[in-house]
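Participant: Please read through the structure below; I'll follow up with questions.
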Number of protein chains: 4
Amino acid sequence: MSFNTYGHVFRVTTWGESHGPALGATVDGCPPGVALSEADLQVWLDRRKPGQNRFTTQRREADAVEILSGIFEGVTTGTPIQLMIRNTDQRSKDYGDIAEKFRPGHADITYWQKYGIRDYRGGGRSSARETAARVAAGGVARAALAQLVPGLSITGYMVAMGEKDIDRSRFDWDEIGRNPFWTPDAEAAEAWAGYLDGLRKSGSSVGALIELSIRGCPAGLGAPVYGKLDTDLAAACMSINAVKGVEIGEGMAAARLTGEANADEISMGPDGPVFSSNHAGGILGGISTGQEIVVRFAVKPTSSILTPRKTITRSGEATEIVTKGRHDPCVGIRAVPVAEAMAAAVIMDHLLLDRAQTGGQRGLIGG
Amino acid sequence: MSFNTYGHVFRVTTWGESHGPALGATVDGCPPGVALSEADLQVWLDRRKPGQNRFTTQRREADAVEILSGIFEGVTTGTPIQLMIRNTDQRSKDYGDIAEKFRPGHADITYWQKYGIRDYRGGGRSSARETAARVAAGGVARAALAQLVPGLSITGYMVAMGEKDIDRSRFDWDEIGRNPFWTPDAEAAEAWAGYLDGLRKSGSSVGALIELSIRGCPAGLGAPVYGKLDTDLAAACMSINAVKGVEIGEGMAAARLTGEANADEISMGPDGPVFSSNHAGGILGGISTGQEIVVRFAVKPTSSILTPRKTITRSGEATEIVTKGRHDPCVGIRAVPVAEAMAAAVIMDHLLLDRAQTGGQRGLIGG
Amino acid sequence: MSFNTYGHVFRVTTWGESHGPALGATVDGCPPGVALSEADLQVWLDRRKPGQNRFTTQRREADAVEILSGIFEGVTTGTPIQLMIRNTDQRSKDYGDIAEKFRPGHADITYWQKYGIRDYRGGGRSSARETAARVAAGGVARAALAQLVPGLSITGYMVAMGEKDIDRSRFDWDEIGRNPFWTPDAEAAEAWAGYLDGLRKSGSSVGALIELSIRGCPAGLGAPVYGKLDTDLAAACMSINAVKGVEIGEGMAAARLTGEANADEISMGPDGPVFSSNHAGGILGGISTGQEIVVRFAVKPTSSILTPRKTITRSGEATEIVTKGRHDPCVGIRAVPVAEAMAAAVIMDHLLLDRAQTGGQRGLIGG
Amino acid sequence: MSFNTYGHVFRVTTWGESHGPALGATVDGCPPGVALSEADLQVWLDRRKPGQNRFTTQRREADAVEILSGIFEGVTTGTPIQLMIRNTDQRSKDYGDIAEKFRPGHADITYWQKYGIRDYRGGGRSSARETAARVAAGGVARAALAQLVPGLSITGYMVAMGEKDIDRSRFDWDEIGRNPFWTPDAEAAEAWAGYLDGLRKSGSSVGALIELSIRGCPAGLGAPVYGKLDTDLAAACMSINAVKGVEIGEGMAAARLTGEANADEISMGPDGPVFSSNHAGGILGGISTGQEIVVRFAVKPTSSILTPRKTITRSGEATEIVTKGRHDPCVGIRAVPVAEAMAAAVIMDHLLLDRAQTGGQRGLIGG
């Protein structure tokens, strides 16, 4: 991860800001011969698209993706794939005094401190709109993975909204796509709907916990010691707007365990090693074990709220700010498809890296 | 972070394994003219060195660092600085059947699955010995930072051992260097000593929570959107052996907050903006605010324990394993100087990156 | 240089192929606050634009560049600048049997061998159309350089067409922009016009020698030993379509000299060291001396000719091919603005890299 | 190529200077399971070693390489391979006034201008001693290539010393290793011996032309448009000390040809396409064709000569300099094994990159 690019050999560069004419992603290094159409990508973009229900920003964006290069006769050519999404609802409005005030909890103050530039129209490059480009790029990674590792699945879901956790005994994979929160717990979905309505009406916001499950990932992906698979997954999540913490497997709770409790015992299954538990989250020494990979991250509540907050202007004067406008009461909802997309790109990148170094010839166990 | 190198323009490549003749780091991109001697680096290595007290592995290593290049007449030349540390106690022993058994919670199984190579002597490249090289490289970053940003300080400390947290009302910066656990709470240190003695005698191990505080960091370091300062700090921590979770500021708890609770209000102080709280952990939109930067991470308990654990051999047969040998009952202790070193390298790298792009000319507030 | 990206901190990624809807470049790492408009870039694109006279391909492209991101209120923001150029004349035609035949001297055979993909419509990613994106990106580098190093100039010109060299005694900087060949020798321009007309009418093509002169470049840019300024300039030129050789200063002729003849003697001028000659081409040990930087490269003749050539089809059958269509009889002409653009990006990148590592504080001589 | 590292996934970082205690290379990304010993590398180092005959510097260096990491039980583990070479003859001497004078044609002036550091002892990092590390690293690439592409060979040889060219009608592959100049022309070797003796005795020096032949390279290595195989080979050669020009295939002479003369006609051979000529030098569109790859480069004469040259001191005063000491009258000789090593690393890197992206599945012709 560096600058506006991530990945080593499967490399994604995103560009564009919330109120410009368009944004997009360049995907470089995709294997040739992968079947890919705009419709294949649109599926994923539609999951992240704003304005789909009352729980996300009411900004209306079609988020229609155009493929401008890298595809010929329906398949990838191995050259850069340019994905462009037009901004269509970058509403012209009176920004009034907001243009001069910094928003507590927002990046406008640090962008100003770094660049001496202030794009007061809506977050500029720090806007969550940038993540549409990630989702499009993740769609390319998904298409390539579907061809190279057919059994692999990447699923994100919300496990807590604010103080309200799901009940894991009600975990239902099929439920995830049936509610607006991408949660596997139908009862939680119902409770959260009421809770979030209240927050939305009062102009407040709330944080969330998201979990990613990657199943069917082959053993052997990742590399010591600064190219670890968990390091790259953590960086991928941490790079998403508003994320403040990332966990692999047991996560922060690993600090509380003893060695006996933490070590996942190993036995031999029909297709290779089987682990009695998964405190490791599917990764040991930075390399995948073949188990389910489990990543969890926390999204903070958006800073765009109606309660007045003390702040300063660019000239240093004390003032108050109220952020009206179209915002997400729980940005964690839309972080779910974004994180899936980032994970897809990371897995794809490591699959190619592993193929480069080892040629896919790995140490057998048993057999 | 990639492969065995981290950093963009201040770049560190580490090499070497636990039972080879030596290990080390190449530091590339250091500014010229920084005063640097082996003694300057040894200070930091001595903090990480094993065998200093009964709470860390009894392996005896001098961890004496040699500078092989990049220094002339006592200052850095701007060319690569090679730091070498000889392994002196890679004890020859009878590995017996351990050579054939995988250790639950250890990287030996994934290294085998990826590389088809098994260095049964002690972890090879996945050993915590690799971190000695990081500490040496971090010492170079510290020396350069001391010259470029004299007021900057980087301090790590333990805030929980297993279930036992410090009491933050007893936080004392001066205490950190006075106890073997790098904890700011003297009472906790005492309690932990007894607790860890018990674990050590029973051949068990325990996890820990470590916090990093970076004070005096200028505003404006970091970059959107994949070169965020918090992303790089998170990756730096996650790349350390046994780390399973990383937090910035409020961290995972940010998921539980509302927007009102999370937004750090801003007022004008004599030297620039001042924040009423620090939920952000000193970073907004991936860029430093000038506040204290706060990073926290969890270290799992080491998998080397005396309690028998079920496992398999390389040929897939079920067996049990007991890991004797010289190990740390709480590897979190030695993670403290390692994390400080990683943070120093990340800050140094971002300082140079910012100087490259903006020339240090930033947006003023007030004045 | 790697994949579809070049540069370390001033980084350009190009995308798009000759017969897709558009092509472009993402410029990442540009300093903030640089005044930039589409008109500023169009100036450079118009120099490379096809169809301007009878000596370049008759494909009609407006080559109108759109800036899609990274600019706010007329200046760069420090975030990625997306430059898009629509293809407007990717004429639909009957490719006939050309779709199945490999063209001698062309990349279609190697693209097929590598990717198993064959974009028979006109070169795909290997087409010279890709260089339009480089010229646009180079325009951004030029704008930034104009602000950071006002006295710097980058000028390319043709010094030989086929066997016909210019007469350096007639070298006139002002002549370069006055003839269709970017040559500083007015008499040569006249002779070449007739020569090239003949080749064009007979459906032949010819190579050319191009020289780049970079004046006003500060001393100290470049870095040992794999980030040398001359290495990066050579790579930049070699990456241009059809280039087969690159020289710095004396170039290949340096092999013929003795040490006495080659060493540029040094004396002290009013503004620093002055060299009695410039065999070095302005670069010593990979670092600029402050003298004029001189780079020279050879462009081969295009493989698109009317004379039948023996070749094979995709199924391996022997056949002949004649390449009709709209092609450049001397592709070297349009390589001139492309090479200037590449050089601008390289110099800009090294300026930022040098600022990162040394802060611009360099060793003084005298004073 | 960047900083002190080259390669994308097979990555080499060199370190060390001419008068420090040691120098070396870290090779990262080597496939696991490659048989490798110090003796395997020493073979290549002995070819570059100084002081072997009267035609190279009389500095006496054993150039004995130690492998400090990355090998276990005789094979590579997939982790970084550290190669160290002790400097043993960095003779202490009286540098006298040379310490204050810049040497015309040498990097000491630009290093001073960039870094404000002056290692007057013998070139520091810009010394040709750095190339010993490249040769060691190239030996690792050779060992890996021998396993992955058994039929591949990389051979360098001198084709001109000063004005004296070889006669290609006398080209004999077996002669290359039989004379001190690595030339395939036995008569040239004899003539050059006398010529160089004369130059050596008079304290002069001379340039040389070196050619690299890479045979047995699979088709499909390289990538558009900034990761071209020829771009990387050119950069690899240009990064070698004293190199001023690089050519692929026809090279600079391609500028003189017409399209008919330049296009290598294609027919079908028993193992794939066969070309009637090789103006392309085995690379089209940046990707290998399967033909012999031909690279040529020019080495300038060393600046260390006995004839007094005008120069200035660090304080800007005019003076003269005579460079006594142990130097190579024709540095081109030792550039031969260095260039071979660089080419081996480039080919290895591109082999892994190609395996990453395409999995080695390529478009078939015929069959």
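Labels for the structure tokens follow display order: chains A, B, ..., residues from 1 in each chain, ligands from 1.
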Within 9 Å of segment 45-57 of chain C, counting only C-alpha atoms, which residues qualify if same-chain residues fewer than 4 places away don't, as number ranges by chain?

Facilitator: C: 41, 61-65, 131-133, 135-136, 139, 180-181, 193, 196-197, 200, 325-331, 333-338

Participant: Excluding same-chain residues fewer than 2 positions from segment 80-88 of chain D, what lies within 7 Å of it counting only C-alpha atoms, as a list of chain:residue names?

Facilitator: B:Trp15, B:Gly16, D:Gly20, D:Pro21, D:Ala22, D:Leu23, D:Gly24, D:Ala25, D:Thr26, D:Val27, D:Asp28, D:Gly29, D:Glu61, D:Asp63, D:Ala64, D:Val65, D:Glu66, D:Ile67, D:Leu68, D:Ser69, D:Gly70, D:Gly78, D:Gln90

Participant: Selection from above, N, CA and C atoms, as a compact mmCIF listing (two decimals), in the first residue's frame, can you write it?

Facilitator:
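Done, and the output landed in result.txt:
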# COMPACT_ATOMS: atom_id res chain seq x y z
N TRP B 15 17.21 -9.41 7.14
CA TRP B 15 17.62 -10.73 6.64
C TRP B 15 18.12 -11.54 7.83
N GLY B 16 18.12 -12.84 7.66
CA GLY B 16 18.71 -13.70 8.67
C GLY B 16 17.68 -14.47 9.47
N GLY D 20 35.21 0.28 3.12
CA GLY D 20 34.63 -0.16 4.38
C GLY D 20 35.05 -1.58 4.69
N PRO D 21 34.58 -2.14 5.78
CA PRO D 21 34.99 -3.50 6.16
C PRO D 21 34.46 -4.58 5.22
N ALA D 22 33.29 -4.35 4.62
CA ALA D 22 32.70 -5.41 3.79
C ALA D 22 31.69 -4.79 2.85
N LEU D 23 31.25 -5.60 1.90
CA LEU D 23 30.14 -5.20 1.04
C LEU D 23 29.35 -6.46 0.74
N GLY D 24 28.17 -6.29 0.15
CA GLY D 24 27.39 -7.48 -0.10
C GLY D 24 26.07 -7.20 -0.76
N ALA D 25 25.24 -8.24 -0.79
CA ALA D 25 23.94 -8.16 -1.44
C ALA D 25 22.93 -9.00 -0.67
N THR D 26 21.71 -8.50 -0.60
CA THR D 26 20.61 -9.27 -0.07
C THR D 26 19.73 -9.67 -1.25
N VAL D 27 19.53 -10.97 -1.42
CA VAL D 27 18.69 -11.45 -2.52
C VAL D 27 17.37 -11.90 -1.91
N ASP D 28 16.30 -11.22 -2.28
CA ASP D 28 14.98 -11.51 -1.72
C ASP D 28 14.08 -12.05 -2.83
N GLY D 29 13.29 -13.04 -2.51
CA GLY D 29 12.32 -13.54 -3.48
C GLY D 29 12.79 -14.74 -4.28
N GLU D 61 42.20 -8.66 -3.73
CA GLU D 61 41.02 -9.00 -2.94
C GLU D 61 40.70 -10.47 -3.17
N ASP D 63 37.89 -11.66 -2.52
CA ASP D 63 36.49 -11.66 -2.94
C ASP D 63 35.81 -12.97 -2.57
N ALA D 64 36.09 -13.41 -1.34
CA ALA D 64 35.47 -14.65 -0.87
C ALA D 64 34.09 -14.34 -0.33
N VAL D 65 33.09 -15.00 -0.86
CA VAL D 65 31.72 -14.70 -0.48
C VAL D 65 31.27 -15.62 0.65
N GLU D 66 30.60 -15.04 1.64
CA GLU D 66 29.98 -15.81 2.72
C GLU D 66 28.47 -15.70 2.59
N ILE D 67 27.78 -16.83 2.71
CA ILE D 67 26.32 -16.82 2.73
C ILE D 67 25.88 -16.78 4.19
N LEU D 68 25.22 -15.70 4.59
CA LEU D 68 24.87 -15.54 6.01
C LEU D 68 23.44 -15.94 6.32
N SER D 69 22.62 -16.13 5.30
CA SER D 69 21.22 -16.48 5.59
C SER D 69 20.55 -17.04 4.34
N GLY D 70 19.39 -17.64 4.54
CA GLY D 70 18.55 -18.04 3.42
C GLY D 70 18.82 -19.41 2.84
N GLY D 78 13.69 -19.77 0.48
CA GLY D 78 12.67 -18.81 0.06
C GLY D 78 12.75 -17.51 0.84
N GLN D 90 41.87 -2.82 1.51
CA GLN D 90 41.53 -1.39 1.40
C GLN D 90 42.69 -0.60 2.00

Participant: Rounded to one decimal in Å, what is the spacing between atom CA of Val140 of chain D and atom CA of Gly249 of chain D?

Facilitator: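 One can read the atom CA of Val140 of chain D to atom CA of Gly249 of chain D distance as 26.7 Å.
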
Participant: Select from segment 94-124 of chain C everything DSSP, run on the backbone, classes as alpha helix (DSSP H), then give the selection as a ChimeraX atom specification.

Facilitator: /C:108-115

Participant: Could you tell me which of D:Arg134, D:Lys114, D:Arg296, D:Lys310 comes closest to Ala219 of chain C if we count only C-alpha atoms?

Facilitator: D:Lys114

Participant: Do a neighbour search on Ala261 of chain B at 12 Å with only C-alpha atoms, toss out local chain neighbours closer than 3 positions, and write the hits as a list in words.

Facilitator: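 Once the nearby chain positions are removed, what remains is Pro104, Gly105, Gly162, Ser204, Ser205, Val206, Gly207, Lys300, Pro301, Thr302, Ser303, Ile305, Thr307 and Arg309 of chain A; Glu250, Ala253, Ala254, Ala255, Arg256, Leu257, Thr258, Asp264, Glu265, Ser276, Ser277, Asn278, His279 and Ala280 of chain B.
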